[in-house]
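Colleague: Just dropping this structure here.
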Amino acid sequence: MGSSLSDPPVAIVLAAGRGRRFAAAGGGPFKQSRRFQGDRAVVEHVCGLYAACGLPVVCALHPELEQLAGRLSDAGHRIVTVADADAGMGHSLAAAVAASPSDTGWLIALADMPRIRPQTIRAVADALLAGAALCAPCHEGRRGHPVGFSREFGQALCALSGDEGARSVLEANADRLRRIDVDDPGVLFDINVPGDLLGLAGHPPAGRKPQM
């Protein structure tokens, strides 16, 4: 990202959900805390991906994940504990953006997406730095994550609530979304059930896409 790193967008990693589908499938609560590589949890790996791309990382966490919060903080990431996390993703996103004002904008990332390639993250960040209002990677015609929001959407993001996330903001401004074509199936792959963790060595299933 070159000299633009002097004012990078902030990576917001949403990791405050309980992962009810994952738990119902026998994986236990808080899939973001499951081990992924060695002693690291999935969310630790995801935060590390964005930090390695030169972005400041703000991680929204559930209050019950105190030990994980400590490890992430020790790694240099900023933690936002979301007291009303169980009310939905919108609450977590709003709290994290409110706690991380930016002159450039935010990359909104999901904690259960560990396969996104660094070059994809940089491409989305570069698009924001080049003046895009909204931007997102697309693989084989399908929009994925992370999604970039310029600073003009700060107020709208801070006003979010419930479980819808930023979908309403994207839908209201669909004509302003810059789509970035990438050869990266990881932008569509999220961990939903325990078997997804076991299958990370292979290719993500076709057609999978998390919602925001």
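How things are named: the first chain in the structure tokens is A, the next is B, and so on; residues count from 1 in each chain; ligands count from 1 in the order shown.
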Applying 9 Å and only C-alpha atoms, which residues near range 20-23 of chain A remain after dropping the ones on its own chain fewer than 5 positions away? List them as a CSV table (one decimal) with N, CA and C atoms, in the first residue's frame.

Modeller:
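See part-v7.csv below for the written result:
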chain,number,residue,atom,x,y,z
A,28,GLY,N,-19.6,-26.2,20.2
A,28,GLY,CA,-19.5,-25.3,21.4
A,28,GLY,C,-19.7,-23.9,21.0
A,29,PRO,N,-19.8,-23.0,22.0
A,29,PRO,CA,-20.1,-21.6,21.8
A,29,PRO,C,-18.8,-20.9,21.3
A,30,PHE,N,-19.0,-19.7,20.7
A,30,PHE,CA,-17.9,-18.8,20.4
A,30,PHE,C,-16.9,-19.5,19.4
A,31,LYS,N,-17.3,-19.7,18.2
A,31,LYS,CA,-16.5,-20.4,17.2
A,31,LYS,C,-15.2,-19.6,17.0
A,191,ILE,N,-16.7,-19.9,8.5
A,191,ILE,CA,-16.8,-21.1,9.3
A,191,ILE,C,-18.2,-21.1,10.0
A,192,ASN,N,-19.0,-22.1,9.6
A,192,ASN,CA,-20.4,-22.2,10.1
A,192,ASN,C,-20.5,-23.4,11.0
A,193,VAL,N,-19.9,-24.5,10.7
A,193,VAL,CA,-20.0,-25.8,11.5
A,193,VAL,C,-18.6,-26.3,11.8
A,194,PRO,N,-18.4,-27.2,12.8
A,194,PRO,CA,-17.1,-27.7,13.1
A,194,PRO,C,-16.3,-28.3,11.9

Colleague: Range 18-208 of chain A: which residues are strand (DSSP E) by DSSP, as a PyMOL selection string?

Modeller: chain A and resi 35-37+40-41+57-61+78-81+105-110+134-139+142-143+147-150+177-181

Colleague: Excluding Cys135 in chain A and residues on its chain fewer than 5 positions from it, collect all residues at most 9 Å away from it, counting only C-alpha atoms, and give them as a list in words.

Modeller: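 That gives Val124, Ala125, Ala127, Leu128, Pro146, Val147, Gly148, Phe149, Ser150, Arg176, Leu177, Arg178, Arg179 and Ile180 of chain A.
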
Colleague: Could those selected residues go to a file with all heavy atoms, as a CSV table (one decimal), in the first residue's frame?

Modeller:
chain,number,residue,atom,x,y,z
A,124,VAL,N,-8.7,-3.9,-1.1
A,124,VAL,CA,-9.8,-3.2,-0.6
A,124,VAL,C,-9.4,-1.9,0.1
A,124,VAL,O,-10.0,-0.8,0.0
A,124,VAL,CB,-10.6,-4.1,0.4
A,124,VAL,CG1,-11.8,-3.3,1.0
A,124,VAL,CG2,-11.2,-5.3,-0.4
A,125,ALA,N,-8.3,-2.0,0.9
A,125,ALA,CA,-7.8,-0.8,1.6
A,125,ALA,C,-7.3,0.2,0.6
A,125,ALA,O,-7.6,1.4,0.8
A,125,ALA,CB,-6.6,-1.2,2.5
A,127,ALA,N,-8.4,0.7,-2.4
A,127,ALA,CA,-9.6,1.3,-3.0
A,127,ALA,C,-10.1,2.5,-2.2
A,127,ALA,O,-10.5,3.5,-2.7
A,127,ALA,CB,-10.7,0.3,-3.3
A,128,LEU,N,-10.2,2.3,-0.8
A,128,LEU,CA,-10.7,3.3,0.1
A,128,LEU,C,-9.7,4.5,0.0
A,128,LEU,O,-10.1,5.7,-0.1
A,128,LEU,CB,-10.8,2.8,1.5
A,128,LEU,CG,-12.0,2.0,1.9
A,128,LEU,CD1,-11.9,1.7,3.4
A,128,LEU,CD2,-13.3,2.8,1.6
A,146,PRO,N,-13.5,-8.6,3.0
A,146,PRO,CA,-14.0,-7.5,3.8
A,146,PRO,C,-14.7,-6.4,2.9
A,146,PRO,O,-14.4,-6.3,1.8
A,146,PRO,CB,-12.8,-6.9,4.6
A,146,PRO,CG,-11.7,-7.1,3.6
A,146,PRO,CD,-12.0,-8.4,2.9
A,147,VAL,N,-15.6,-5.6,3.6
A,147,VAL,CA,-16.2,-4.5,2.9
A,147,VAL,C,-15.7,-3.2,3.4
A,147,VAL,O,-15.6,-3.0,4.6
A,147,VAL,CB,-17.8,-4.6,3.1
A,147,VAL,CG1,-18.4,-3.4,2.3
A,147,VAL,CG2,-18.3,-5.9,2.6
A,148,GLY,N,-15.3,-2.3,2.5
A,148,GLY,CA,-14.7,-1.1,2.8
A,148,GLY,C,-15.8,0.1,2.8
A,148,GLY,O,-16.6,0.2,1.9
A,149,PHE,N,-15.8,0.8,3.9
A,149,PHE,CA,-16.7,2.0,4.1
A,149,PHE,C,-15.8,3.2,4.3
A,149,PHE,O,-15.0,3.3,5.2
A,149,PHE,CB,-17.6,1.8,5.3
A,149,PHE,CG,-18.6,0.7,5.1
A,149,PHE,CD1,-18.2,-0.6,5.4
A,149,PHE,CD2,-19.9,0.9,4.7
A,149,PHE,CE1,-19.2,-1.7,5.3
A,149,PHE,CE2,-20.8,-0.1,4.6
A,149,PHE,CZ,-20.5,-1.4,4.9
A,150,SER,N,-16.1,4.3,3.5
A,150,SER,CA,-15.3,5.5,3.7
A,150,SER,C,-15.9,6.2,4.9
A,150,SER,O,-16.9,5.9,5.4
A,150,SER,CB,-15.5,6.4,2.4
A,150,SER,OG,-16.8,6.8,2.3
A,176,ARG,N,-23.1,3.0,-5.4
A,176,ARG,CA,-21.8,3.6,-5.1
A,176,ARG,C,-20.7,2.5,-4.8
A,176,ARG,O,-19.6,2.8,-4.5
A,176,ARG,CB,-21.9,4.6,-4.0
A,176,ARG,CG,-22.9,5.7,-4.3
A,176,ARG,CD,-22.9,6.7,-3.1
A,176,ARG,NE,-21.7,7.4,-3.1
A,176,ARG,CZ,-21.3,8.2,-2.0
A,176,ARG,NH1,-22.1,8.3,-1.0
A,176,ARG,NH2,-20.2,8.8,-2.0
A,177,LEU,N,-21.1,1.2,-4.8
A,177,LEU,CA,-20.2,0.2,-4.4
A,177,LEU,C,-19.2,-0.1,-5.6
A,177,LEU,O,-19.6,-0.5,-6.7
A,177,LEU,CB,-21.0,-1.1,-4.1
A,177,LEU,CG,-20.2,-2.3,-3.7
A,177,LEU,CD1,-19.4,-2.1,-2.4
A,177,LEU,CD2,-21.1,-3.6,-3.6
A,178,ARG,N,-18.0,0.0,-5.3
A,178,ARG,CA,-16.9,-0.5,-6.2
A,178,ARG,C,-16.6,-1.9,-6.0
A,178,ARG,O,-16.2,-2.3,-4.9
A,178,ARG,CB,-15.7,0.4,-6.1
A,178,ARG,CG,-14.5,-0.1,-7.0
A,178,ARG,CD,-13.3,0.8,-6.8
A,178,ARG,NE,-12.2,0.2,-7.5
A,178,ARG,CZ,-10.9,0.6,-7.5
A,178,ARG,NH1,-10.6,1.7,-6.8
A,178,ARG,NH2,-10.0,0.0,-8.2
A,179,ARG,N,-16.8,-2.7,-7.0
A,179,ARG,CA,-16.5,-4.2,-6.9
A,179,ARG,C,-15.1,-4.4,-7.4
A,179,ARG,O,-14.7,-4.0,-8.5
A,179,ARG,CB,-17.5,-5.0,-7.7
A,179,ARG,CG,-19.0,-4.9,-7.2
A,179,ARG,CD,-20.0,-5.6,-8.1
A,179,ARG,NE,-21.3,-5.5,-7.5
A,179,ARG,CZ,-21.8,-6.4,-6.7
A,179,ARG,NH1,-21.1,-7.5,-6.4
A,179,ARG,NH2,-23.0,-6.3,-6.1
A,180,ILE,N,-14.4,-5.2,-6.6
A,180,ILE,CA,-13.0,-5.5,-7.0
A,180,ILE,C,-12.9,-6.9,-7.3
A,180,ILE,O,-13.0,-7.8,-6.4
A,180,ILE,CB,-12.0,-5.1,-5.8
A,180,ILE,CG1,-12.2,-3.6,-5.4
A,180,ILE,CG2,-10.6,-5.4,-6.1
A,180,ILE,CD1,-11.6,-3.3,-4.0

Colleague: How many Å lie between CA of Ala60 in chain A and CA of Leu14 in chain A, rounded to one decimal?

Modeller: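 Between these atoms lies a distance of 5.1 Å.
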
Colleague: CA of Val182 in chain A and CA of Gln119 in chain A are how many Å apart?

Modeller: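 According to the coordinates, CA of Val182 in chain A and CA of Gln119 in chain A are separated by 9.0 Å.
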
Colleague: Leaving out Ser161 in chain A and any residue of its chain fewer than 5 positions from it, which residues lie within 10 Å of it when counting only C-alpha atoms, given as a PyMOL selection string?

Modeller: chain A and resi 87-95+166

Colleague: For Asp126 in chain A, which of A:Gly76, A:Gly105, A:Gly144, A:Gly165 is the closest residue, counting only C-alpha atoms?

Modeller: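 Of A:Gly76, A:Gly105, A:Gly144, A:Gly165, the one nearest Asp126 in chain A is A:Gly105, counting only C-alpha atoms.
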
Colleague: What's the separation between CA of Val80 in chain A and CA of Leu160 in chain A, in Å to one decimal place?

Modeller: 15.9 Å

Colleague: May I ask which of the residues A:Leu72, A:Ala132, A:Ile116, A:Ala156 is the closest one to Leu49 in chain A, counting only C-alpha atoms?

Modeller: A:Ile116

Colleague: Looking at only C-alpha atoms, which of A:Val10, A:Ala109, A:Ala51, A:Ala83 is the one that sits closest to Asp190 in chain A?

Modeller: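 When distances to Asp190 in chain A are compared using only C-alpha atoms, the smallest one comes from A:Ala109.
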
Colleague: Could you name the residues that touch Arg151 in chain A at 7 Å or less, counting only C-alpha atoms, but leaving out those on the same chain fewer than 4 positions away, as a ChimeraX atom specification?

Modeller: /A:102-105
